[in-house]
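Structure file work12.cif (mmCIF, C-alpha atoms) follows.
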data_run
#
loop_
_atom_site.label_atom_id
_atom_site.label_comp_id
_atom_site.auth_asym_id
_atom_site.auth_seq_id
_atom_site.Cartn_x
_atom_site.Cartn_y
_atom_site.Cartn_z
CA MET A 28 119.26 136.42 237.36
CA HIS A 29 121.28 134.56 234.69
CA GLU A 30 119.63 136.67 231.98
CA MET A 31 122.50 139.15 231.87
CA THR A 32 125.04 136.64 230.53
CA VAL A 33 122.44 135.08 228.26
CA THR A 34 121.61 138.53 226.90
CA GLN A 35 125.30 139.22 226.27
CA ASN A 36 125.41 135.96 224.22
CA LEU A 37 122.34 137.11 222.33
CA LEU A 38 123.83 140.52 221.58
CA ASN A 39 127.13 139.02 220.37
CA MET A 40 125.27 136.56 218.16
CA ALA A 41 123.16 139.33 216.59
CA LEU A 42 126.18 141.59 215.96
CA GLU A 43 128.10 138.70 214.44
CA HIS A 44 125.29 137.99 211.97
CA ALA A 45 124.80 141.68 211.20
CA GLN A 46 128.39 141.96 209.94
CA GLY A 47 128.74 145.66 210.56
CA ARG A 48 125.19 146.66 209.67
CA ARG A 49 122.72 148.25 212.08
CA VAL A 50 120.41 145.74 213.80
CA ALA A 51 116.79 146.90 213.63
CA ALA A 52 115.10 143.89 215.21
CA ILE A 53 115.86 140.50 216.73
CA HIS A 54 113.34 137.68 216.55
CA LEU A 55 113.62 135.33 219.52
CA ARG A 56 111.76 132.13 220.28
CA VAL A 57 111.43 131.39 223.98
CA GLY A 58 110.22 128.04 225.25
CA ARG A 59 107.53 128.44 227.88
CA LEU A 60 109.52 126.06 230.09
CA SER A 61 112.93 127.58 229.37
CA PRO A 62 114.64 129.27 232.33
CA ILE A 63 114.54 132.63 230.51
CA VAL A 64 112.38 135.58 231.53
CA PRO A 65 111.78 137.85 228.49
CA GLY A 66 111.24 140.96 230.62
CA SER A 67 114.69 140.55 232.17
CA VAL A 68 116.29 139.99 228.76
CA GLN A 69 114.75 143.24 227.55
CA VAL A 70 116.09 145.20 230.54
CA TYR A 71 119.61 143.82 230.12
CA PHE A 72 119.50 144.25 226.35
CA ASP A 73 118.67 147.95 226.64
CA PHE A 74 121.69 148.32 228.91
CA LEU A 75 124.20 146.06 227.14
CA SER A 76 123.41 147.20 223.60
CA ARG A 77 124.24 150.86 224.30
CA ASP A 78 126.84 152.21 221.88
CA THR A 79 126.68 149.07 219.73
CA LEU A 80 125.11 148.62 216.28
CA ALA A 81 122.20 146.89 218.02
CA GLU A 82 121.30 149.84 220.22
CA GLY A 83 117.57 150.48 220.02
CA ALA A 84 116.88 147.19 218.23
CA GLU A 85 113.43 145.81 218.81
CA LEU A 86 113.33 142.44 220.58
CA ARG A 87 110.44 140.33 219.33
CA PHE A 88 109.67 137.46 221.65
CA GLU A 89 107.72 134.57 220.23
CA MET A 90 106.67 132.23 223.00
CA GLN A 91 107.05 128.58 222.05
CA PRO A 92 104.34 126.44 223.62
CA ILE A 93 105.01 123.51 225.93
CA GLU A 94 105.12 120.23 224.07
CA ILE A 95 104.47 117.05 226.03
CA THR A 96 104.46 113.65 224.33
CA CYS A 97 103.03 110.37 225.57
CA GLN A 98 105.75 107.72 225.73
CA ASN A 99 103.13 105.00 225.32
CA CYS A 100 101.16 106.02 222.22
CA GLY A 101 103.55 108.68 220.91
CA ARG A 102 100.87 111.32 220.62
CA PRO A 103 101.14 114.91 221.83
CA VAL A 104 99.32 115.56 225.09
CA ASP A 105 96.98 118.52 225.25
CA THR A 106 98.57 121.10 227.58
CA PRO A 107 96.37 124.13 228.26
CA ASP A 108 98.92 126.86 228.92
CA LEU A 109 97.63 130.40 229.18
CA PRO A 110 99.87 133.43 228.74
CA GLY A 111 100.49 135.14 232.04
CA GLU A 112 99.97 131.95 234.00
CA SER A 113 102.61 129.57 235.21
CA ALA A 114 103.95 127.23 232.54
CA GLN A 115 105.19 124.91 235.28
CA ALA A 116 101.65 124.65 236.63
CA ALA A 117 100.39 123.77 233.15
CA MET A 118 103.09 121.12 232.89
CA VAL A 119 102.16 119.60 236.26
CA GLY A 120 98.48 119.69 235.25
CA ALA A 121 99.20 117.74 232.06
CA PHE A 122 101.33 115.19 233.88
CA SER A 123 98.66 114.76 236.56
CA ALA A 124 95.89 114.23 234.00
CA GLY A 125 97.89 111.79 231.85
CA CYS A 126 97.32 110.94 228.19
CA ALA A 127 93.95 110.16 226.62
CA CYS A 128 95.24 106.60 226.04
CA GLY A 129 95.39 106.13 229.81
CA SER A 130 99.16 106.26 230.11
CA ARG A 131 100.88 108.49 232.63
CA ASN A 132 104.27 108.02 231.06
CA LEU A 133 104.75 111.47 229.55
CA ARG A 134 107.79 113.48 228.60
CA VAL A 135 108.46 117.14 227.88
CA THR A 136 109.56 117.22 224.24
CA GLY A 137 109.46 120.92 223.45
CA GLY A 138 109.17 124.41 224.83
CA VAL A 139 112.45 124.38 226.74
CA SER A 140 114.88 126.13 224.39
CA PHE A 141 115.78 129.75 223.70
CA GLU A 142 116.58 130.43 220.06
CA MET A 143 117.40 133.34 217.84
CA VAL A 144 115.22 132.90 214.77
CA SER A 145 116.43 135.85 212.70
CA ILE A 146 117.62 139.41 212.81
CA GLU A 147 116.61 142.39 210.69
CA VAL A 148 119.39 144.66 209.55
CA ALA A 149 119.17 148.10 207.97
CA GLU A 150 121.30 148.38 204.86
CA MET B 18 115.99 148.91 203.32
CA VAL B 19 115.59 146.17 205.87
CA THR B 20 117.00 142.70 205.28
CA ILE B 21 115.99 139.64 207.30
CA ILE B 22 118.90 137.37 208.10
CA PRO B 23 117.96 133.90 209.31
CA VAL B 24 119.95 132.77 212.36
CA LEU B 25 118.14 129.77 213.87
CA ARG B 26 120.65 129.17 216.61
CA GLU B 27 120.25 128.37 220.27
CA VAL B 28 121.25 131.51 222.20
CA THR B 29 123.12 129.39 224.77
CA GLU B 30 124.68 127.18 222.08
CA ALA B 31 128.18 127.96 223.36
CA ASN B 32 127.27 126.08 226.52
CA SER B 33 125.67 123.19 224.64
CA LEU B 34 128.68 122.79 222.33
CA LEU B 35 131.13 122.86 225.21
CA ALA B 36 129.01 120.41 227.22
CA ALA B 37 129.03 118.04 224.25
CA ALA B 38 132.84 118.28 224.10
CA LEU B 39 133.06 117.56 227.83
CA ARG B 40 130.74 114.56 227.40
CA ASP B 41 133.08 113.18 224.71
CA ARG B 42 136.04 113.69 226.98
CA PHE B 43 134.34 111.95 229.91
CA ALA B 44 133.41 109.06 227.59
CA ARG B 45 137.03 108.66 226.46
CA GLN B 46 138.22 108.81 230.07
CA ARG B 47 135.51 106.33 231.08
CA VAL B 48 134.43 108.54 233.97
CA LEU B 49 130.85 108.58 235.19
CA VAL B 50 129.74 112.18 235.82
CA LEU B 51 126.79 113.11 238.02
CA ASP B 52 125.37 116.63 238.40
CA VAL B 53 123.70 116.97 241.80
CA ILE B 54 120.97 119.59 242.04
CA ALA B 55 119.02 120.65 245.14
CA SER B 56 117.83 123.57 247.22
CA PRO B 57 120.35 125.01 249.67
CA GLY B 58 120.39 122.84 252.77
CA ALA B 59 118.88 119.70 251.25
CA GLY B 60 122.00 117.73 252.16
CA LYS B 61 124.00 117.58 248.91
CA THR B 62 127.39 117.85 250.58
CA THR B 63 126.45 115.41 253.36
CA LEU B 64 125.29 112.94 250.71
CA LEU B 65 128.68 113.36 249.02
CA GLU B 66 130.53 112.78 252.29
CA GLN B 67 128.53 109.63 252.98
CA THR B 68 128.98 108.40 249.42
CA ILE B 69 132.75 108.99 249.57
CA ALA B 70 133.06 107.21 252.93
CA ARG B 71 131.20 104.17 251.64
CA LEU B 72 132.89 103.88 248.24
CA GLN B 73 136.42 104.51 249.49
CA GLY B 74 138.78 101.75 248.42
CA GLU B 75 136.25 100.54 245.82
CA LEU B 76 135.86 103.46 243.42
CA ARG B 77 138.00 106.55 242.85
CA LEU B 78 135.89 109.67 243.25
CA SER B 79 136.45 113.34 242.57
CA VAL B 80 134.24 116.35 243.16
CA ILE B 81 133.56 119.78 241.71
CA GLU B 82 131.79 122.07 244.17
CA GLY B 83 129.69 125.04 243.07
CA ASP B 84 128.76 127.74 245.56
CA PRO B 85 128.30 131.52 245.36
CA THR B 86 131.15 131.95 247.83
CA THR B 87 133.48 130.14 250.31
CA SER B 88 135.35 126.87 249.90
CA ILE B 89 133.62 125.25 252.88
CA ASP B 90 132.09 122.47 250.78
CA ALA B 91 135.28 121.60 248.93
CA GLU B 92 137.13 121.48 252.25
CA ARG B 93 134.52 119.09 253.65
CA VAL B 94 134.88 116.82 250.63
CA VAL B 95 138.69 116.93 250.72
CA ALA B 96 138.51 116.08 254.43
CA ALA B 97 136.39 113.09 253.44
CA GLY B 98 139.33 111.92 251.36
CA VAL B 99 138.86 112.81 247.69
CA PRO B 100 140.25 115.49 245.35
CA ALA B 101 137.91 118.45 244.94
CA VAL B 102 137.82 121.82 243.20
CA GLN B 103 135.68 124.69 244.40
CA ILE B 104 133.99 126.98 241.89
CA ASN B 105 132.67 130.27 243.28
CA THR B 106 129.98 131.67 241.04
CA GLY B 107 129.65 135.00 242.86
CA GLY B 108 126.20 136.18 241.87
CA GLY B 109 125.77 133.27 239.46
CA CYS B 110 122.80 130.99 240.14
CA HIS B 111 124.07 127.84 238.41
CA LEU B 112 127.20 126.19 237.00
CA GLU B 113 127.94 126.36 233.27
CA ALA B 114 130.06 124.11 231.07
CA HIS B 115 132.93 126.62 230.78
CA MET B 116 133.28 126.63 234.58
CA ILE B 117 133.60 122.83 234.55
CA GLN B 118 136.23 123.09 231.84
CA VAL B 119 138.27 125.51 233.97
CA ALA B 120 137.88 123.32 237.07
CA LEU B 121 139.16 120.32 235.10
CA GLY B 122 142.48 122.14 234.79
CA GLN B 123 142.95 121.48 238.50
CA LEU B 124 141.52 117.98 238.63
CA ASP B 125 142.90 114.85 236.99
CA VAL B 126 139.60 113.31 235.97
CA ALA B 127 141.30 110.44 234.16
CA GLU B 128 142.27 109.23 237.64
CA SER B 129 138.60 109.01 238.67
CA ASP B 130 135.90 106.41 238.18
CA VAL B 131 133.15 108.78 239.22
CA MET B 132 133.12 112.58 239.26
CA ILE B 133 130.34 114.31 241.15
CA ILE B 134 129.47 117.93 240.41
CA GLU B 135 127.60 119.63 243.22
CA ASN B 136 125.67 122.44 241.58
CA VAL B 137 124.73 125.72 243.24
CA GLY B 138 121.84 125.29 245.69
CA ASN B 139 118.93 126.13 243.41
CA LEU B 140 116.17 123.94 241.95
CA LEU B 141 115.43 126.19 238.99
CA CYS B 142 118.37 127.46 236.95
CA PRO B 143 120.76 124.45 237.02
CA THR B 144 118.18 122.39 235.12
CA GLY B 145 118.69 124.57 232.02
CA TRP B 146 122.46 124.11 231.59
CA ASP B 147 124.10 120.95 230.32
CA LEU B 148 127.48 120.25 231.94
CA GLY B 149 128.32 117.12 229.95
CA GLU B 150 127.07 114.90 232.77
CA ASP B 151 125.71 111.39 232.40
CA ALA B 152 122.86 112.06 234.78
CA LYS B 153 121.39 114.83 236.84
CA VAL B 154 120.40 113.82 240.36
CA VAL B 155 117.94 115.81 242.46
CA VAL B 156 118.28 115.77 246.23
CA ALA B 157 115.05 116.78 247.97
CA SER B 158 114.95 116.69 251.74
CA LEU B 159 111.68 115.76 253.36
CA PRO B 160 111.41 118.84 255.64
CA GLU B 161 111.30 121.04 252.50
CA GLY B 162 107.87 119.56 251.80
CA ASP B 163 106.54 116.65 249.80
CA ASP B 164 105.11 118.99 247.15
CA LYS B 165 108.54 120.01 245.79
CA PRO B 166 108.12 118.11 242.47
CA LEU B 167 104.91 120.02 241.78
CA LYS B 168 106.55 123.39 242.44
CA TYR B 169 109.80 122.73 240.57
CA PRO B 170 108.75 120.17 237.94
CA MET B 171 111.63 120.81 235.51
CA ALA B 172 114.22 119.74 238.09
CA PHE B 173 112.47 116.39 238.42
CA ALA B 174 111.70 116.04 234.70
CA THR B 175 115.35 116.45 233.70
CA ALA B 176 116.82 114.18 236.41
CA ARG B 177 117.50 110.46 236.27
CA GLY B 178 117.78 110.01 240.02
CA LEU B 179 116.03 111.41 243.08
CA VAL B 180 117.46 111.16 246.57
CA ILE B 181 114.85 111.88 249.24
CA ASN B 182 117.00 112.87 252.19
CA LYS B 183 116.34 113.31 255.93
CA ILE B 184 113.70 110.56 256.09
CA ASP B 185 114.69 110.05 259.74
CA LEU B 186 112.72 113.25 260.43
CA GLU B 187 109.45 111.85 259.06
CA PRO B 188 107.93 111.09 262.51
CA TYR B 189 108.27 114.74 263.51
CA ILE B 190 107.00 116.60 260.43
CA PRO B 191 103.87 116.59 258.23
CA ALA B 192 105.71 115.76 254.95
CA ARG B 193 105.62 112.13 253.79
CA ALA B 194 108.32 110.41 251.75
CA ALA B 195 105.70 108.30 249.94
CA VAL B 196 103.89 111.46 248.80
CA LEU B 197 107.11 113.10 247.61
CA ARG B 198 107.96 109.91 245.69
CA GLU B 199 104.50 109.76 244.13
CA ASN B 200 104.61 113.43 243.09
CA ALA B 201 108.07 112.99 241.57
CA LEU B 202 107.10 109.86 239.63
CA LYS B 203 104.07 111.70 238.27
CA ILE B 204 106.46 114.18 236.63
CA ASN B 205 109.04 111.56 235.65
CA PRO B 206 108.05 107.86 235.78
CA ASP B 207 111.62 106.79 234.92
CA LEU B 208 113.18 108.40 238.01
CA ALA B 209 115.24 106.10 240.22
CA VAL B 210 114.12 107.09 243.73
CA PHE B 211 116.14 106.56 246.91
CA GLU B 212 114.79 107.31 250.37
CA VAL B 213 117.76 107.95 252.62
CA SER B 214 119.00 109.53 255.78
CA CYS B 215 122.52 110.83 255.39
CA LEU B 216 122.60 111.14 259.19
CA THR B 217 121.79 107.52 260.05
CA GLY B 218 122.94 105.93 256.79
CA GLN B 219 119.51 104.41 256.16
CA GLY B 220 118.81 103.63 252.49
CA LEU B 221 122.25 104.59 251.19
CA ASP B 222 123.10 101.09 249.93
CA ALA B 223 120.53 101.32 247.12
CA TRP B 224 121.94 104.72 246.08
CA LEU B 225 125.47 103.29 245.95
CA ASP B 226 124.26 100.31 243.91
CA TRP B 227 122.71 102.71 241.42
CA ILE B 228 126.02 104.57 241.01
CA ARG B 229 127.79 101.23 240.47
CA ALA B 230 125.16 100.24 237.88
CA LEU B 231 125.47 103.56 235.98
CA LEU B 232 129.25 103.19 235.91
CA ALA B 233 128.99 99.60 234.65
CA GLU B 234 126.48 100.73 232.02
CA LYS B 235 128.81 103.49 230.85
CA ARG B 236 131.89 101.27 230.72
CA GLY B 237 129.97 98.43 229.14
CA GLY B 238 128.84 100.80 226.42
CA ALA B 239 132.34 102.12 225.84
CA ALA B 240 134.00 98.69 225.66
#

Using structure tokens, write down the structure from this file.
Amino acid sequence: MHEMTVTQNLLNMALEHAQGRRVAAIHLRVGRLSPIVPGSVQVYFDFLSRDTLAEGAELRFEMQPIEITCQNCGRPVDTPDLPGESAQAAMVGAFSAGCACGSRNLRVTGGVSFEMVSIEVAE
Amino acid sequence: MVTIIPVLREVTEANSLLAAALRDRFARQRVLVLDVIASPGAGKTTLLEQTIARLQGELRLSVIEGDPTTSIDAERVVAAGVPAVQINTGGGCHLEAHMIQVALGQLDVAESDVMIIENVGNLLCPTGWDLGEDAKVVVASLPEGDDKPLKYPMAFATARGLVINKIDLEPYIPARAAVLRENALKINPDLAVFEVSCLTGQGLDAWLDWIRALLAEKRGGAA
């Protein structure tokens, strides 16, 4: 439900970088564990971008995988995370299984942010 | 012609930047700030009331209350004897750094040793927004179920403390505090876990000692 304000941030950021040019596409990177639902962002974007230079811009969502690191050996822990399935469940699965080194001291080190990678503007 | 302009910025960077500024401010003012996260009804406000009652005369506390509507919680906290500001988020599901900044206009944090922010009752969204706090604390009450950490892992992964509340109800319900603790430590082995009853006062001493230790750690670091 917080996607509306987040989408307004996104729109402002894109328009700021476009500097008066029409925005054709916005490339976004969404962490699988971030509290952002791409479908909601799309709905709000279609609404909020009306009558702006970003109206009709294509939102390209690149999902950033979960990254879990073992605090004992420092290695990344294999986290099978299938699209369409719950990322939280994948996270719990990885934490339950532990690291190959035997340690259960794991930490989420990636896949939690929501970034704008780039925008495409029409000159 | 289409031109690609690199941006590489966090979409919610405004919140992150403001939270960092608040963290600097709290460091200068030597105030320990806790962000308390829980489901509605877990006992956040009762934990605050009990904490205030037990630390009165020893530490100066202040509170920021987040709720969709009403000032019931802030009134309870003020009645317990500390300054409090209520933030009403309306339809908002979590507090954000700019709301804390506004609330600080009505609260003299420099006069506090510890400021507790009670977030909106929600185990999902508040985990994604930094408020400049020193630690997030999850309150999970036993009747909610001992599987909470498995269903809301990010809340437990991002917290430093876990208060398991309502343990006095354990004889009457299937949930077990030991299981909740084990599930939480699976997600975050560094969690400080406190099993308490805010009704009987059981277990609260360890929670208070932890607050004292965090404050000492913060002030030791700043000295």

Exercise answer, chain B residues close to chain A, 12 Å and only C-alpha atoms, as a PDB file with C-alpha atoms, in the coordinates of the input:
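New file out_26.pdb:
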ATOM      1  CA  MET B  18     115.990 148.910 203.320  1.00  0.00           C
ATOM      2  CA  VAL B  19     115.590 146.170 205.870  1.00  0.00           C
ATOM      3  CA  THR B  20     117.000 142.700 205.280  1.00  0.00           C
ATOM      4  CA  ILE B  21     115.990 139.640 207.300  1.00  0.00           C
ATOM      5  CA  ILE B  22     118.900 137.370 208.100  1.00  0.00           C
ATOM      6  CA  PRO B  23     117.960 133.900 209.310  1.00  0.00           C
ATOM      7  CA  VAL B  24     119.950 132.770 212.360  1.00  0.00           C
ATOM      8  CA  LEU B  25     118.140 129.770 213.870  1.00  0.00           C
ATOM      9  CA  ARG B  26     120.650 129.170 216.610  1.00  0.00           C
ATOM     10  CA  GLU B  27     120.250 128.370 220.270  1.00  0.00           C
ATOM     11  CA  VAL B  28     121.250 131.510 222.200  1.00  0.00           C
ATOM     12  CA  THR B  29     123.120 129.390 224.770  1.00  0.00           C
ATOM     13  CA  GLU B  30     124.680 127.180 222.080  1.00  0.00           C
ATOM     14  CA  ALA B  31     128.180 127.960 223.360  1.00  0.00           C
ATOM     15  CA  ASN B  32     127.270 126.080 226.520  1.00  0.00           C
ATOM     16  CA  SER B  33     125.670 123.190 224.640  1.00  0.00           C
ATOM     17  CA  THR B 106     129.980 131.670 241.040  1.00  0.00           C
ATOM     18  CA  GLY B 107     129.650 135.000 242.860  1.00  0.00           C
ATOM     19  CA  GLY B 108     126.200 136.180 241.870  1.00  0.00           C
ATOM     20  CA  GLY B 109     125.770 133.270 239.460  1.00  0.00           C
ATOM     21  CA  CYS B 110     122.800 130.990 240.140  1.00  0.00           C
ATOM     22  CA  HIS B 111     124.070 127.840 238.410  1.00  0.00           C
ATOM     23  CA  LEU B 112     127.200 126.190 237.000  1.00  0.00           C
ATOM     24  CA  GLU B 113     127.940 126.360 233.270  1.00  0.00           C
ATOM     25  CA  ASN B 139     118.930 126.130 243.410  1.00  0.00           C
ATOM     26  CA  LEU B 140     116.170 123.940 241.950  1.00  0.00           C
ATOM     27  CA  LEU B 141     115.430 126.190 238.990  1.00  0.00           C
ATOM     28  CA  CYS B 142     118.370 127.460 236.950  1.00  0.00           C
ATOM     29  CA  PRO B 143     120.760 124.450 237.020  1.00  0.00           C
ATOM     30  CA  THR B 144     118.180 122.390 235.120  1.00  0.00           C
ATOM     31  CA  GLY B 145     118.690 124.570 232.020  1.00  0.00           C
ATOM     32  CA  TRP B 146     122.460 124.110 231.590  1.00  0.00           C
ATOM     33  CA  ASP B 164     105.110 118.990 247.150  1.00  0.00           C
ATOM     34  CA  LYS B 165     108.540 120.010 245.790  1.00  0.00           C
ATOM     35  CA  PRO B 166     108.120 118.110 242.470  1.00  0.00           C
ATOM     36  CA  LEU B 167     104.910 120.020 241.780  1.00  0.00           C
ATOM     37  CA  LYS B 168     106.550 123.390 242.440  1.00  0.00           C
ATOM     38  CA  TYR B 169     109.800 122.730 240.570  1.00  0.00           C
ATOM     39  CA  PRO B 170     108.750 120.170 237.940  1.00  0.00           C
ATOM     40  CA  MET B 171     111.630 120.810 235.510  1.00  0.00           C
ATOM     41  CA  ALA B 172     114.220 119.740 238.090  1.00  0.00           C
ATOM     42  CA  PHE B 173     112.470 116.390 238.420  1.00  0.00           C
ATOM     43  CA  ALA B 174     111.700 116.040 234.700  1.00  0.00           C
ATOM     44  CA  THR B 175     115.350 116.450 233.700  1.00  0.00           C
ATOM     45  CA  ALA B 176     116.820 114.180 236.410  1.00  0.00           C
ATOM     46  CA  GLU B 199     104.500 109.760 244.130  1.00  0.00           C
ATOM     47  CA  ASN B 200     104.610 113.430 243.090  1.00  0.00           C
ATOM     48  CA  ALA B 201     108.070 112.990 241.570  1.00  0.00           C
ATOM     49  CA  LEU B 202     107.100 109.860 239.630  1.00  0.00           C
ATOM     50  CA  LYS B 203     104.070 111.700 238.270  1.00  0.00           C
ATOM     51  CA  ILE B 204     106.460 114.180 236.630  1.00  0.00           C
ATOM     52  CA  ASN B 205     109.040 111.560 235.650  1.00  0.00           C
ATOM     53  CA  PRO B 206     108.050 107.860 235.780  1.00  0.00           C
ATOM     54  CA  ASP B 207     111.620 106.790 234.920  1.00  0.00           C
ATOM     55  CA  LEU B 208     113.180 108.400 238.010  1.00  0.00           C
TER      56      LEU B 208
END

Applied to this file, what does the PyMOL selection byres ((chain B and resi 183-196) around 10) return in terms of residues, put as a CSV table (one decimal) with C-alpha atoms, in the coordinates of the input?
chain,number,residue,atom,x,y,z
B,59,ALA,CA,118.9,119.7,251.2
B,60,GLY,CA,122.0,117.7,252.2
B,157,ALA,CA,115.0,116.8,248.0
B,158,SER,CA,115.0,116.7,251.7
B,159,LEU,CA,111.7,115.8,253.4
B,160,PRO,CA,111.4,118.8,255.6
B,161,GLU,CA,111.3,121.0,252.5
B,162,GLY,CA,107.9,119.6,251.8
B,163,ASP,CA,106.5,116.6,249.8
B,164,ASP,CA,105.1,119.0,247.2
B,180,VAL,CA,117.5,111.2,246.6
B,181,ILE,CA,114.8,111.9,249.2
B,182,ASN,CA,117.0,112.9,252.2
B,197,LEU,CA,107.1,113.1,247.6
B,198,ARG,CA,108.0,109.9,245.7
B,199,GLU,CA,104.5,109.8,244.1
B,200,ASN,CA,104.6,113.4,243.1
B,201,ALA,CA,108.1,113.0,241.6
B,202,LEU,CA,107.1,109.9,239.6
B,211,PHE,CA,116.1,106.6,246.9
B,212,GLU,CA,114.8,107.3,250.4
B,213,VAL,CA,117.8,108.0,252.6
B,214,SER,CA,119.0,109.5,255.8
B,215,CYS,CA,122.5,110.8,255.4
B,216,LEU,CA,122.6,111.1,259.2
B,217,THR,CA,121.8,107.5,260.0
B,218,GLY,CA,122.9,105.9,256.8
B,219,GLN,CA,119.5,104.4,256.2
B,220,GLY,CA,118.8,103.6,252.5

Applying 10 Å and all atoms listed in the file, which residues near stretch 117-130 of chain B remain after dropping the ones on its own chain fewer than 4 positions away? List them as number ranges by chain. B: 35-36, 38-39, 42-43, 45-50, 75-83, 99-104, 112-113, 134, 148-149, 229, 232, 236

Just to be explicit: take each residue in the selection above, keep C-alpha atoms, and write the result as an mmCIF file, in the coordinates of the input.
data_model
loop_
_atom_site.group_PDB
_atom_site.id
_atom_site.type_symbol
_atom_site.label_atom_id
_atom_site.label_comp_id
_atom_site.auth_asym_id
_atom_site.auth_seq_id
_atom_site.Cartn_x
_atom_site.Cartn_y
_atom_site.Cartn_z
ATOM 1 C CA LEU B 35 131.130 122.860 225.210
ATOM 2 C CA ALA B 36 129.010 120.410 227.220
ATOM 3 C CA ALA B 38 132.840 118.280 224.100
ATOM 4 C CA LEU B 39 133.060 117.560 227.830
ATOM 5 C CA ARG B 42 136.040 113.690 226.980
ATOM 6 C CA PHE B 43 134.340 111.950 229.910
ATOM 7 C CA ARG B 45 137.030 108.660 226.460
ATOM 8 C CA GLN B 46 138.220 108.810 230.070
ATOM 9 C CA ARG B 47 135.510 106.330 231.080
ATOM 10 C CA VAL B 48 134.430 108.540 233.970
ATOM 11 C CA LEU B 49 130.850 108.580 235.190
ATOM 12 C CA VAL B 50 129.740 112.180 235.820
ATOM 13 C CA GLU B 75 136.250 100.540 245.820
ATOM 14 C CA LEU B 76 135.860 103.460 243.420
ATOM 15 C CA ARG B 77 138.000 106.550 242.850
ATOM 16 C CA LEU B 78 135.890 109.670 243.250
ATOM 17 C CA SER B 79 136.450 113.340 242.570
ATOM 18 C CA VAL B 80 134.240 116.350 243.160
ATOM 19 C CA ILE B 81 133.560 119.780 241.710
ATOM 20 C CA GLU B 82 131.790 122.070 244.170
ATOM 21 C CA GLY B 83 129.690 125.040 243.070
ATOM 22 C CA VAL B 99 138.860 112.810 247.690
ATOM 23 C CA PRO B 100 140.250 115.490 245.350
ATOM 24 C CA ALA B 101 137.910 118.450 244.940
ATOM 25 C CA VAL B 102 137.820 121.820 243.200
ATOM 26 C CA GLN B 103 135.680 124.690 244.400
ATOM 27 C CA ILE B 104 133.990 126.980 241.890
ATOM 28 C CA LEU B 112 127.200 126.190 237.000
ATOM 29 C CA GLU B 113 127.940 126.360 233.270
ATOM 30 C CA ILE B 134 129.470 117.930 240.410
ATOM 31 C CA LEU B 148 127.480 120.250 231.940
ATOM 32 C CA GLY B 149 128.320 117.120 229.950
ATOM 33 C CA ARG B 229 127.790 101.230 240.470
ATOM 34 C CA LEU B 232 129.250 103.190 235.910
ATOM 35 C CA ARG B 236 131.890 101.270 230.720
#

Could you tell me which residues the PyMOL selection byres ((chain A and resi 93) around 9) grabs in this file, written as a ChimeraX atom specification? /A:58-60,91-92,94-95,106-108,114,117-118,135-139

What is the atom CA of A:Val64 to atom CA of A:Glu30 distance in Å? 7.3 Å

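Using all atoms listed in the file, the shortest contact distance between A:Gln46 and any of A:Ala127, A:Leu86, A:Leu80, A:Cys100 is found at A:Leu80.
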
How many Å lie between atom CA of B:Ala44 and atom CA of B:Met132, rounded to one decimal?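 Computing the Euclidean distance for atom CA of B:Ala44 and atom CA of B:Met132 yields 12.2 Å.
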
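Atom CA of B:Ile69 lies 19.6 Å from atom CA of B:Val137.
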
Convert the output of the PyMOL selection byres ((chain B and resi 153) around 9) on the shown file into explicit residues, formatted as a list in words.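 When the PyMOL selection byres ((chain B and resi 153) around 9) is applied, the selected residues are Val50, Leu51, Asp52, Val53, Ile54, Thr144, Glu150, Asp151, Ala152, Val154, Val155, Ala172, Thr175, Ala176, Arg177, Gly178 and Leu179 of chain B.
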
Once you count only C-alpha atoms, which residues end up no further than 10 Å from (131.0, 107.7, 252.8) in the file's frame, shown as number ranges by chain? B: 63-73, 97-98, 215, 218, 221, 225

Shell of 7 Å around stretch 69-71 of chain A, only C-alpha atoms, local chain residues under 4 positions omitted, as a list in words: Met31, Thr34, Pro65 and Leu75 of chain A

Nearest to B:Pro85: which of B:Asn136, B:Gly58, B:Glu234, B:Asn105 is it, counting all atoms listed in the file?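 Checking each of B:Asn136, B:Gly58, B:Glu234, B:Asn105 against B:Pro85, counting all atoms listed in the file, the winner is B:Asn105.
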